[in-house]
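S.K.: Below you'll find model_0.txt; it's compact mmCIF, C-alpha atoms.
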# COMPACT_ATOMS: atom_id res chain seq x y z
CA MET Z 1 101.18 97.19 67.18
CA THR Z 2 99.50 94.51 69.25
CA PRO Z 3 97.29 91.92 67.59
CA HIS Z 4 94.39 94.16 68.68
CA GLY Z 5 95.85 97.35 67.16
CA LEU Z 6 96.25 99.08 70.54
CA THR Z 7 99.08 100.75 72.41
CA ILE Z 8 99.38 99.39 75.95
CA ALA Z 9 101.07 101.07 78.95
CA VAL Z 10 102.81 98.42 81.07
CA PRO Z 11 103.99 99.14 84.63
CA ARG Z 12 107.53 98.31 85.67
CA GLY Z 13 108.08 97.03 89.21
CA ALA Z 14 105.86 94.72 91.24
CA LEU Z 15 103.06 94.53 88.66
CA PHE Z 16 105.35 93.91 85.66
CA ASP Z 17 105.47 90.10 85.62
CA GLY Z 18 101.72 89.71 86.12
CA THR Z 19 100.99 92.25 83.39
CA VAL Z 20 103.34 90.56 80.93
CA ASP Z 21 101.68 87.22 81.69
CA VAL Z 22 98.34 88.82 80.83
CA LEU Z 23 99.74 90.15 77.54
CA ALA Z 24 101.02 86.68 76.70
CA THR Z 25 97.52 85.24 77.16
CA LEU Z 26 96.30 87.83 74.63
CA GLY Z 27 98.67 86.38 72.03
CA ILE Z 28 101.34 89.09 72.27
CA ASP Z 29 104.98 88.04 71.83
CA THR Z 30 106.49 89.09 75.17
CA ASP Z 31 109.98 87.55 74.85
CA GLU Z 32 111.89 90.82 74.38
CA LEU Z 33 109.69 92.58 76.92
CA ARG Z 34 110.68 90.00 79.54
CA THR Z 35 114.41 90.07 78.77
CA ASN Z 36 115.19 93.73 77.99
CA ASP Z 37 114.70 95.79 81.15
CA ARG Z 38 116.42 98.88 79.72
CA LYS Z 39 114.18 99.38 76.71
CA LEU Z 40 111.05 101.45 77.34
CA LEU Z 41 109.27 101.45 73.98
CA PHE Z 42 108.42 98.22 72.17
CA GLN Z 43 106.77 99.55 69.02
CA GLU Z 44 106.56 96.20 67.27
CA ILE Z 45 104.12 94.90 69.90
CA GLY Z 46 102.55 98.25 70.83
CA VAL Z 47 103.89 98.36 74.40
CA ILE Z 48 105.41 101.20 76.40
CA THR Z 49 106.78 100.63 79.91
CA MET Z 50 106.93 103.06 82.83
CA ARG Z 51 106.40 103.51 86.56
CA PRO Z 52 102.91 102.42 87.68
CA SER Z 53 102.13 105.96 88.86
CA ASP Z 54 102.78 107.29 85.32
CA VAL Z 55 100.40 104.87 83.59
CA PRO Z 56 97.23 107.00 84.10
CA THR Z 57 99.13 110.07 82.81
CA TYR Z 58 100.09 108.38 79.54
CA VAL Z 59 96.67 106.81 79.12
CA GLU Z 60 94.85 110.08 79.81
CA ALA Z 61 97.08 111.89 77.28
CA GLY Z 62 96.36 109.28 74.62
CA ALA Z 63 99.98 108.12 74.37
CA ALA Z 64 98.55 104.71 75.26
CA ASP Z 65 95.04 103.44 74.55
CA ILE Z 66 94.92 101.15 77.58
CA GLY Z 67 97.20 100.38 80.51
CA VAL Z 68 97.65 98.46 83.72
CA THR Z 69 98.24 100.05 87.11
CA GLY Z 70 97.41 99.46 90.76
CA LYS Z 71 94.13 100.40 92.39
CA ASP Z 72 96.22 102.44 94.88
CA VAL Z 73 97.40 104.65 92.00
CA LEU Z 74 93.84 105.12 90.76
CA LEU Z 75 92.50 105.97 94.22
CA GLU Z 76 95.25 108.57 94.58
CA GLN Z 77 94.99 110.07 91.08
CA LEU Z 78 91.33 109.77 90.07
CA ALA Z 79 88.62 112.03 91.42
CA GLN Z 80 86.69 110.09 94.08
CA GLN Z 81 84.51 112.90 95.44
CA PRO Z 82 82.70 115.95 94.01
CA GLY Z 83 85.11 118.83 93.52
CA GLU Z 84 88.22 116.66 93.27
CA HIS Z 85 90.34 116.85 90.14
CA GLY Z 86 91.69 113.60 88.82
CA ARG Z 87 93.02 111.76 85.81
CA ASP Z 88 90.38 111.23 83.13
CA VAL Z 89 90.61 107.49 82.46
CA TYR Z 90 88.15 104.61 82.58
CA GLU Z 91 88.70 101.68 84.94
CA LEU Z 92 87.64 98.63 82.95
CA LEU Z 93 88.63 95.53 84.88
CA ASP Z 94 90.08 94.15 88.10
CA LEU Z 95 92.90 91.89 86.91
CA GLY Z 96 93.19 90.21 90.30
CA PHE Z 97 96.98 90.05 90.68
CA GLY Z 98 99.36 92.27 92.68
CA ARG Z 99 97.15 92.13 95.76
CA CYS Z 100 98.20 94.56 98.52
CA THR Z 101 96.40 96.34 101.32
CA MET Z 102 96.42 100.05 102.10
CA VAL Z 103 96.79 100.33 105.87
CA MET Z 104 97.23 102.78 108.68
CA ALA Z 105 100.09 101.74 110.97
CA SER Z 106 101.92 103.17 113.97
CA LYS Z 107 104.60 102.18 116.48
CA ALA Z 108 103.93 99.03 118.50
CA GLY Z 109 102.52 99.54 121.98
CA PRO Z 110 99.96 102.18 122.92
CA ASP Z 111 98.81 103.82 119.69
CA PRO Z 112 100.49 107.27 119.36
CA ALA Z 113 97.78 108.39 116.94
CA LEU Z 114 95.02 107.75 119.47
CA GLU Z 115 97.02 109.60 122.12
CA SER Z 116 97.47 112.61 119.84
CA LEU Z 117 93.78 112.65 119.02
CA ARG Z 118 92.94 112.52 122.72
CA ARG Z 119 95.38 115.26 123.73
CA LEU Z 120 95.41 117.55 120.70
CA GLY Z 121 92.37 116.59 118.64
CA VAL Z 122 94.57 116.00 115.59
CA MET Z 123 96.96 113.30 114.36
CA ARG Z 124 99.98 113.64 112.08
CA VAL Z 125 100.17 111.06 109.29
CA ALA Z 126 103.02 110.46 106.83
CA THR Z 127 102.24 108.89 103.48
CA LYS Z 128 103.02 108.63 99.79
CA TYR Z 129 99.25 108.73 99.26
CA PRO Z 130 98.05 112.09 100.65
CA ARG Z 131 94.62 112.02 98.99
CA ILE Z 132 93.86 108.48 100.16
CA ALA Z 133 95.01 109.31 103.69
CA ALA Z 134 93.07 112.59 103.87
CA ARG Z 135 89.94 110.94 102.47
CA HIS Z 136 90.15 108.10 104.99
CA LEU Z 137 90.53 110.46 107.94
CA GLU Z 138 87.64 112.60 106.70
CA GLN Z 139 85.40 109.58 106.19
CA THR Z 140 86.17 108.32 109.72
CA GLY Z 141 85.61 111.73 111.31
CA ARG Z 142 89.15 112.48 112.44
CA GLN Z 143 91.29 115.57 112.13
CA GLY Z 144 94.64 114.91 110.52
CA GLU Z 145 97.73 116.71 109.31
CA ILE Z 146 99.12 114.92 106.27
CA VAL Z 147 102.88 114.88 105.68
CA GLU Z 148 103.75 113.71 102.17
CA VAL Z 149 107.00 111.75 101.87
CA LYS Z 150 108.65 110.20 98.81
CA GLY Z 151 111.04 107.66 100.33
CA SER Z 152 110.75 105.11 103.14
CA VAL Z 153 107.60 106.17 104.93
CA GLU Z 154 108.37 103.81 107.84
CA LEU Z 155 111.07 106.20 109.06
CA ALA Z 156 108.62 109.02 109.85
CA PRO Z 157 106.98 107.53 112.98
CA LEU Z 158 110.28 106.08 114.23
CA THR Z 159 111.77 109.58 114.41
CA GLY Z 160 108.67 111.01 116.08
CA MET Z 161 107.86 113.24 113.10
CA VAL Z 162 104.36 111.74 112.82
CA ASP Z 163 101.98 109.60 114.84
CA ALA Z 164 101.09 107.13 112.07
CA ILE Z 165 101.58 106.24 108.43
CA VAL Z 166 99.27 105.27 105.58
CA ASP Z 167 101.00 102.91 103.18
CA LEU Z 168 100.64 99.88 100.96
CA THR Z 169 101.71 96.49 102.31
CA ALA Z 170 101.73 93.02 100.81
CA THR Z 171 103.10 90.86 103.64
CA GLY Z 172 103.58 93.29 106.53
CA THR Z 173 107.24 92.27 106.83
CA THR Z 174 108.66 95.78 106.40
CA LEU Z 175 106.26 97.12 109.02
CA ARG Z 176 107.21 94.42 111.52
CA GLU Z 177 110.92 94.93 110.90
CA ASN Z 178 110.47 98.59 111.83
CA ASN Z 179 108.41 97.86 114.96
CA LEU Z 180 105.20 99.11 113.36
CA VAL Z 181 101.80 97.47 113.64
CA VAL Z 182 98.71 97.74 111.43
CA ARG Z 183 95.95 99.66 113.18
CA GLU Z 184 93.44 99.82 110.33
CA GLU Z 185 92.98 98.26 106.90
CA ILE Z 186 91.71 100.88 104.48
CA VAL Z 187 91.31 99.13 101.12
CA VAL Z 188 92.57 96.08 99.23
CA CYS Z 189 94.35 97.02 96.00
CA THR Z 190 94.97 94.89 92.90
CA ALA Z 191 96.06 95.55 89.31
CA ARG Z 192 93.46 97.27 87.13
CA LEU Z 193 92.99 97.66 83.38
CA ILE Z 194 92.30 101.27 82.40
CA ALA Z 195 91.49 102.99 79.11
CA ASN Z 196 91.67 106.39 77.48
CA PRO Z 197 88.06 107.68 77.15
CA VAL Z 198 88.49 108.69 73.47
CA ALA Z 199 90.15 105.39 72.57
CA HIS Z 200 87.37 103.60 74.43
CA LYS Z 201 84.93 105.07 71.89
CA LEU Z 202 87.03 105.05 68.71
CA LYS Z 203 88.56 101.64 69.33
CA ALA Z 204 85.63 100.12 71.20
CA ALA Z 205 85.69 96.83 69.29
CA GLU Z 206 89.41 96.26 69.94
CA ILE Z 207 89.20 97.17 73.63
CA ASP Z 208 86.01 95.17 74.15
CA ALA Z 209 87.71 92.15 72.57
CA ILE Z 210 90.56 92.36 75.10
CA VAL Z 211 88.17 92.82 78.02
CA SER Z 212 86.12 89.83 76.86
CA GLN Z 213 89.24 87.67 76.58
CA LEU Z 214 90.38 88.67 80.06
CA ARG Z 215 86.95 88.14 81.62
CA ALA Z 216 86.97 84.63 80.18
CA MET Z 217 90.09 83.86 82.24
CA PRO Z 218 89.01 82.20 85.52
CA ALA Z 219 91.32 84.34 87.69
CA ILE Z 220 89.83 87.67 86.58
CA PRO Z 221 87.15 89.11 88.94
CA ALA Z 222 84.21 91.17 87.75
CA ALA Z 223 84.87 94.71 86.50
CA GLY Z 224 85.21 97.35 89.19
CA ALA Z 225 85.49 94.86 92.06
CA GLY Z 226 87.22 96.12 95.17
Please lay out the structure from this file as structure tokens.

M.R.:
Amino acid sequence: MTPHGLTIAVPRGALFDGTVDVLATLGIDTDELRTNDRKLLFQEIGVITMRPSDVPTYVEAGAADIGVTGKDVLLEQLAQQPGEHGRDVYELLDLGFGRCTMVMASKAGPDPALESLRRLGVMRVATKYPRIAARHLEQTGRQGEIVEVKGSVELAPLTGMVDAIVDLTATGTTLRENNLVVREEIVVCTARLIANPVAHKLKAAEIDAIVSQLRAMPAIPAAGAG
């Protein structure tokens, strides 16, 4: 187990290095975690690794007490409005790293989405984040047909399948390389610390100790920011 007696869900991918750095500041021995990218379960330090989108699932189920994932994952998976069903986890802290922006983009030149809205009253949007996209269109008073894709979302507008995409971007390079331009910035997303609600009560002292340590780090913003 960790020095705090908790099991922690750690995301592989873009947020991995930043998360491991955070664990190191908490006094956890991260040497094997950094060097063994095939191993998933590190029982001796209380860490399990997985895709960022799976972190809320494991935390909600109690397989992990706390975890780190992107705000984009939480916006997609947690209930944001009355009547929505979402993962039952607590968002404790904005960890500040892994900064990306959720954007709406379309082909360069006259905006195809605006043209579709003008002609048809509806726009077609491809995305890996259907709930975020649908919520954004609803909040901005536009009719949209959401097409969920799993792979390279940039392909959808290039083939004419959709008018626009909603996706996460860090530098905008991939968009530019595919002749796409950002039309709207929806939300800035960073890594977040989340907790299982039951663990948050039963292991309150341990979790509060970690949150206090992290808040004391100068790079960590206030809880819930963004």

S.K.: I want to know what sits within 8 Å of Thr169 in chain Z, based on all atoms listed in the file, with residues of the same chain fewer than 5 positions away left out; could you give that as a list in words?

M.R.: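 Neighbouring residues, sequence-local ones excluded: Cys100, Thr101, Met102 and Val103 of chain Z.
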
S.K.: For Leu6 in chain Z, which residue out of Z:Cys189, Z:Ile45, Z:Ala216, Z:Val68 is the nearest one, using all atoms listed in the file?

M.R.: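 Among Z:Cys189, Z:Ile45, Z:Ala216, Z:Val68, it is Z:Ile45 that comes nearest to Leu6 in chain Z.
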
S.K.: With a distance cut-off of 6 Å and all atoms listed in the file, select the neighbouring residues of Met123 in chain Z, excluding the residue or stretch itself and same-chain residues fewer than 6 positions from it, and output the selection as a list in words.

M.R.: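 After dropping sequence-adjacent residues, the list is Ala113, Ser116, Leu117 and Gly144 of chain Z.
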
S.K.: Please write the residues from the selection above to a file, keeping C-alpha atoms, as a CSV table (one decimal), in the coordinates of the input.

M.R.:
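Contents of part.csv, freshly written:
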chain,number,residue,atom,x,y,z
Z,113,ALA,CA,97.8,108.4,116.9
Z,116,SER,CA,97.5,112.6,119.8
Z,117,LEU,CA,93.8,112.6,119.0
Z,144,GLY,CA,94.6,114.9,110.5

S.K.: May I have the residues within 10 Å of range 32-44 of chain Z as a PyMOL selection string, using only C-alpha atoms and disregarding those fewer than 3 positions away in the same chain?

M.R.: chain Z and resi 1-2+7-10+12+16-17+20-21+29+47-50

S.K.: Ranking Z:Met161, Z:Thr173, Z:Leu92, Z:Ile132 by minimum distance to Asp208 in chain Z and counting all atoms listed in the file, which one comes first?

M.R.: Z:Leu92

S.K.: Skip range 51-63 of chain Z itself and residues of its chain fewer than 2 positions away, then list as an MDAnalysis selection string all residues within 6 Å of it, counting only C-alpha atoms.

M.R.: chainID Z and resid 11:12 65 69 73 88:89 196

S.K.: Can I get the selection written as a short mmCIF file (atom, residue, chain, number, x, y, z; two decimals), in the coordinates of the input, with C-alpha atoms?

M.R.:
data_model
loop_
_atom_site.label_atom_id
_atom_site.label_comp_id
_atom_site.auth_asym_id
_atom_site.auth_seq_id
_atom_site.Cartn_x
_atom_site.Cartn_y
_atom_site.Cartn_z
CA PRO Z 11 103.99 99.14 84.63
CA ARG Z 12 107.53 98.31 85.67
CA ASP Z 65 95.04 103.44 74.55
CA THR Z 69 98.24 100.05 87.11
CA VAL Z 73 97.40 104.65 92.00
CA ASP Z 88 90.38 111.23 83.13
CA VAL Z 89 90.61 107.49 82.46
CA ASN Z 196 91.67 106.39 77.48
#

S.K.: One number please: CA of Ala209 in chain Z to CA of Ala14 in chain Z, in Å, one decimal.

M.R.: 26.2 Å

S.K.: Neighbouring residues of Val122 in chain Z were defined as those with any atom within 12 Å, considering all atoms listed in the file; residues of the same chain fewer than 5 positions away were excluded. Please report them as a PyMOL selection string.

M.R.: chain Z and resi 112-117+137-138+141-146+162-164

S.K.: Have a look at CA of His200 in chain Z and CA of Tyr129 in chain Z and let me know their distance in Å, one decimal.

M.R.: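 Between CA of His200 in chain Z and CA of Tyr129 in chain Z the gap is 28.0 Å.
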
S.K.: Please measure the separation of CA of Ile194 in chain Z and CA of Ala64 in chain Z, giving the value in Å to one decimal.

M.R.: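 For CA of Ile194 in chain Z relative to CA of Ala64 in chain Z, the distance reads 10.1 Å.
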
S.K.: Restricting the calculation to all atoms listed in the file, which member of Z:Gly67, Z:Pro157, Z:Gly172, Z:Pro110 is positioned closest to Leu93 in chain Z?

M.R.: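 For Leu93 in chain Z, the nearest of the given residues is Z:Gly67.
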
S.K.: Restricting the calculation to all atoms listed in the file, which member of Z:Ala205, Z:Leu155, Z:Val198, Z:Ala134 is positioned closest to Gln80 in chain Z?

M.R.: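 With all atoms listed in the file as the atom set, the closest residue is Z:Ala134.
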
S.K.: May I ask which of the residues Z:Gly5, Z:Gly96, Z:Gly27, Z:Gly13 is the closest one to Ala191 in chain Z, counting all atoms listed in the file?

M.R.: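 Distance minimum relative to Ala191 in chain Z lands on Z:Gly96.
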
S.K.: Using all atoms listed in the file, find the one residue out of Z:Gln139, Z:Ser106, Z:Ala133, Z:Leu95 that sits nearest to Leu23 in chain Z.

M.R.: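 The answer is Z:Leu95, which sits nearest to Leu23 in chain Z.
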